[in-house]
Amino acid sequence: MDIHTLRALMKQRDSCSLLETLDIVTGERTILREFDYVIEAPNWTQDGRFLVYNGNGRMYAYELDSQTVKQIETGFAIDCNNDHVLSPDGTRLAVSHFTEEDASSRIYVLPLEGGTPELVTPNAPSYLHGWSPDGSTLAYCAERKGQYDIYTIAVSGGGETQLTDIPGSLDDGPEYSPCGRWIWFNSTRSGLMQIWRMDADGENQEQMTFDEANSWFPHVSPDGKWVCYVAYRTEDVAPGEHPPNKQVELRLMPAEGGASRTIAQLFGGQGTINVNSWAPDSRKLAFVSYRLKA
């Protein structure tokens, strides 16, 4: 597939987007802004002022106080997807961008205020999900030799380290805990897509959810107490799929393990909460719901 075909396919998703927040204590949902095109995957900045998201291949920042949107200058990276994260010190943005040469996703880092992206992963496809608390390492999902596994790499680039290798299993969504001890991820190795965690070096891989659902993209709250993820009904998707335009739930579970509870039901899926979108105070989440155009 070339980049022009990929862009055309992306534009076929004809939906309105609702940028929302959710208070996990009161359950209150607030619609911040409606867009007449697809936006995805808000990151909440460390200072609490902005939500950073992607739309039409570009990166944007929504300022909560002024309710204004500004585009982040990303140079040649104009085909960014919904796998992007912010550095722990709040100064840099890492994006997954479909390169023009082969329309395959690679990871780049640039200043959060905008600038020229620097390539981190020459191998592709690579889809970013986590940045280590010490700022040194990125965690991502990558397809190598026909299988999707979890890898890490230094922010400065170099060789990648493979952390998972279960034949036939899809492992995705790796994200560091705030303490840096664990990487949380989702995996089909039990049959359904479930939430797992492992030591940051890949050891001691442990299943954390046992839902009758396909559960994706675990996000750990900044205080380390909670994990939020998105759950699809088993009758709606195969375990390895996370499409848009489905009835899904946002679920919350204690980070030490235990039963989860549903905190929101919405029309969404792909793009809703692909990356960590916790507020700095660990009380609110940002996410995107969708509405099909008539």
# chains A, B, ... in the order shown; residues from 1 in each chain; ligands from 1

call {"tool": "residues_around", "arguments": {"residues": "Gly146 in chain A", "least_positions_apart": "4", "cutoff": "12 Å", "atoms": "only C-alpha atoms", "output": "list in words"}}
result
Ala124, Pro125, Ala142, Asp165, Pro167, Gly168, Ser169 and Leu170 of chain A

call {"tool": "residues_around", "arguments": {"residues": "Thr209 in chain A", "least_positions_apart": "6", "cutoff": "12 Å", "atoms": "only C-alpha atoms", "output": "PyMOL selection string"}}
result
chain A and resi 184-188+190+192-197+215-216+218+227-229+231+251-261

call {"tool": "closest_residue", "arguments": {"among": "A:Thr91, A:Ser282, A:Thr30, A:Asn274", "to": "His129 in chain A", "atoms": "only C-alpha atoms"}}
result
A:Asn274

call {"tool": "closest_atom_pairs", "arguments": {"of": "range 11-39 of chain A", "to": "range 61-83 of chain A", "cutoff": "10 Å", "atoms": "only C-alpha atoms", "output": "JSON lines"}}
result
{"residue": "A:Leu19", "atom": "CA", "partner": "A:Tyr62", "partner_atom": "CA", "distance": 9.6}
{"residue": "A:Leu32", "atom": "CA", "partner": "A:Gln67", "partner_atom": "CA", "distance": 7.7}
{"residue": "A:Arg33", "atom": "CA", "partner": "A:Gln67", "partner_atom": "CA", "distance": 7.9}
{"residue": "A:Ile39", "atom": "CA", "partner": "A:Asn82", "partner_atom": "CA", "distance": 8.7}

call {"tool": "residues_around", "arguments": {"residues": "Val237 in chain A", "least_positions_apart": "3", "cutoff": "12 Å", "atoms": "only C-alpha atoms", "output": "ChimeraX atom specification"}}
result
/A:192-193,213-216,231-234,240-248,269-270

call {"tool": "write_last_selection", "arguments": {"atoms": "N, CA, C and O atoms", "output": "short mmCIF file (atom, residue, chain, number, x, y, z; two decimals), in the first residue's frame"}}
result
data_model
loop_
_atom_site.label_atom_id
_atom_site.label_comp_id
_atom_site.auth_asym_id
_atom_site.auth_seq_id
_atom_site.Cartn_x
_atom_site.Cartn_y
_atom_site.Cartn_z
N LEU A 192 -9.08 -14.68 24.66
CA LEU A 192 -9.60 -13.33 24.48
C LEU A 192 -8.48 -12.32 24.68
O LEU A 192 -7.43 -12.65 25.24
N MET A 193 -8.70 -11.09 24.24
CA MET A 193 -7.74 -10.03 24.54
C MET A 193 -7.92 -9.63 26.00
O MET A 193 -9.03 -9.25 26.41
N ALA A 213 -14.76 -10.25 27.81
CA ALA A 213 -14.70 -9.12 26.88
C ALA A 213 -13.31 -9.12 26.27
O ALA A 213 -12.41 -9.82 26.74
N ASN A 214 -13.15 -8.33 25.21
CA ASN A 214 -11.83 -8.12 24.63
C ASN A 214 -11.33 -6.76 25.10
O ASN A 214 -11.89 -5.72 24.73
N SER A 215 -10.31 -6.77 25.93
CA SER A 215 -9.88 -5.60 26.68
C SER A 215 -8.55 -5.08 26.14
O SER A 215 -7.59 -5.84 26.00
N TRP A 216 -8.51 -3.79 25.87
CA TRP A 216 -7.37 -3.16 25.19
C TRP A 216 -6.86 -1.95 25.96
O TRP A 216 -7.59 -1.26 26.64
N ALA A 231 -13.06 -1.86 26.70
CA ALA A 231 -13.52 -3.23 26.54
C ALA A 231 -14.56 -3.33 25.43
O ALA A 231 -15.52 -2.55 25.40
N TYR A 232 -14.33 -4.27 24.52
CA TYR A 232 -15.27 -4.58 23.45
C TYR A 232 -16.07 -5.83 23.82
O TYR A 232 -15.52 -6.77 24.42
N ARG A 233 -17.31 -5.89 23.39
CA ARG A 233 -18.10 -7.10 23.56
C ARG A 233 -17.55 -8.21 22.67
O ARG A 233 -17.16 -7.97 21.52
N THR A 234 -17.52 -9.42 23.19
CA THR A 234 -16.92 -10.53 22.45
C THR A 234 -17.68 -10.83 21.16
O THR A 234 -17.09 -11.32 20.19
N GLY A 240 -8.25 -10.12 18.32
CA GLY A 240 -7.15 -9.30 17.83
C GLY A 240 -7.56 -8.03 17.12
O GLY A 240 -6.72 -7.37 16.51
N GLU A 241 -8.85 -7.66 17.20
CA GLU A 241 -9.34 -6.48 16.49
C GLU A 241 -9.74 -5.38 17.46
O GLU A 241 -10.29 -5.65 18.54
N HIS A 242 -9.48 -4.13 17.08
CA HIS A 242 -9.96 -2.98 17.87
C HIS A 242 -10.45 -1.90 16.91
O HIS A 242 -9.86 -0.83 16.80
N PRO A 243 -11.55 -2.17 16.21
CA PRO A 243 -12.04 -1.24 15.19
C PRO A 243 -12.78 -0.05 15.80
O PRO A 243 -13.10 -0.03 17.00
N PRO A 244 -13.08 0.95 14.97
CA PRO A 244 -13.94 2.05 15.41
C PRO A 244 -15.41 1.67 15.32
O PRO A 244 -15.76 0.58 14.86
N ASN A 245 -16.25 2.58 15.78
CA ASN A 245 -17.69 2.50 15.58
C ASN A 245 -18.32 1.24 16.18
O ASN A 245 -19.08 0.52 15.55
N LYS A 246 -17.98 1.00 17.44
CA LYS A 246 -18.56 -0.10 18.21
C LYS A 246 -19.03 0.43 19.57
O LYS A 246 -18.54 1.44 20.06
N GLN A 247 -19.99 -0.27 20.15
CA GLN A 247 -20.37 0.04 21.52
C GLN A 247 -19.31 -0.55 22.44
O GLN A 247 -19.07 -1.77 22.43
N VAL A 248 -18.66 0.30 23.22
CA VAL A 248 -17.56 -0.15 24.08
C VAL A 248 -17.77 0.41 25.49
O VAL A 248 -18.63 1.27 25.72
N GLY A 269 -14.20 3.05 20.28
CA GLY A 269 -13.26 1.95 20.09
C GLY A 269 -11.93 2.48 19.63
O GLY A 269 -11.21 3.14 20.40
N GLN A 270 -11.58 2.22 18.37
CA GLN A 270 -10.34 2.76 17.82
C GLN A 270 -10.35 4.27 17.92
O GLN A 270 -11.27 4.94 17.47
#

call {"tool": "residues_around", "arguments": {"residues": "Leu93 in chain A", "least_positions_apart": "2", "cutoff": "9 Å", "atoms": "only C-alpha atoms", "output": "VMD selection string"}}
result
chain A and resid 84 to 87 90 to 91 95 108 to 114

call {"tool": "closest_residue", "arguments": {"among": "A:Val38, A:Val220, A:Ala94, A:Ala238", "to": "Leu292 in chain A", "atoms": "only C-alpha atoms"}}
result
A:Val38

call {"tool": "atom_distance", "arguments": {"atom1": "CA of Ser289 in chain A", "atom2": "CA of Ile31 in chain A"}}
result
9.5 Å

call {"tool": "select_by_dssp", "arguments": {"residues": "range 125-194 of chain A", "states": "strand (DSSP E or B)", "output": "PyMOL selection string"}}
result
chain A and resi 126-131+137-144+147-154+161-162+171-176+182-187+194

call {"tool": "closest_residue", "arguments": {"among": "A:Gln46, A:Asp2, A:Trp131, A:Ser177", "to": "Asp281 in chain A", "atoms": "only C-alpha atoms"}}
result
A:Gln46

call {"tool": "closest_residue", "arguments": {"among": "A:Glu249, A:Thr26, A:Glu100, A:Ala154", "to": "Thr5 in chain A", "atoms": "only C-alpha atoms"}}
result
A:Glu100

call {"tool": "atom_distance", "arguments": {"atom1": "CA of Gly157 in chain A", "atom2": "CA of Met1 in chain A"}}
result
26.4 Å

call {"tool": "decode", "arguments": {"residues": "range 52-64 of chain A", "atoms": "N, CA and C atoms", "output": "short mmCIF file (atom, residue, chain, number, x, y, z; two decimals), in the first residue's frame"}}
result
data_model
loop_
_atom_site.label_atom_id
_atom_site.label_comp_id
_atom_site.auth_asym_id
_atom_site.auth_seq_id
_atom_site.Cartn_x
_atom_site.Cartn_y
_atom_site.Cartn_z
N VAL A 52 -3.49 16.81 24.01
CA VAL A 52 -2.81 16.65 22.72
C VAL A 52 -3.43 15.46 22.00
N TYR A 53 -3.83 15.66 20.75
CA TYR A 53 -4.50 14.58 20.01
C TYR A 53 -4.09 14.64 18.54
N ASN A 54 -4.45 13.60 17.81
CA ASN A 54 -4.19 13.58 16.37
C ASN A 54 -5.50 13.69 15.60
N GLY A 55 -5.40 14.25 14.39
CA GLY A 55 -6.54 14.37 13.50
C GLY A 55 -6.07 14.64 12.09
N ASN A 56 -6.55 13.87 11.15
CA ASN A 56 -6.16 14.03 9.74
C ASN A 56 -4.64 14.00 9.56
N GLY A 57 -3.98 13.18 10.35
CA GLY A 57 -2.53 13.01 10.22
C GLY A 57 -1.69 14.03 10.94
N ARG A 58 -2.31 15.08 11.48
CA ARG A 58 -1.57 16.14 12.17
C ARG A 58 -1.77 16.01 13.68
N MET A 59 -0.96 16.75 14.43
CA MET A 59 -1.05 16.78 15.89
C MET A 59 -1.55 18.15 16.35
N TYR A 60 -2.41 18.14 17.36
CA TYR A 60 -3.04 19.36 17.85
C TYR A 60 -3.01 19.40 19.38
N ALA A 61 -3.15 20.60 19.91
CA ALA A 61 -3.27 20.79 21.36
C ALA A 61 -4.53 21.62 21.64
N TYR A 62 -5.40 21.07 22.47
CA TYR A 62 -6.62 21.75 22.91
C TYR A 62 -6.36 22.33 24.29
N GLU A 63 -6.48 23.66 24.42
CA GLU A 63 -6.28 24.30 25.72
C GLU A 63 -7.59 24.30 26.49
N LEU A 64 -7.61 23.70 27.67
CA LEU A 64 -8.86 23.54 28.40
C LEU A 64 -9.44 24.87 28.87
#
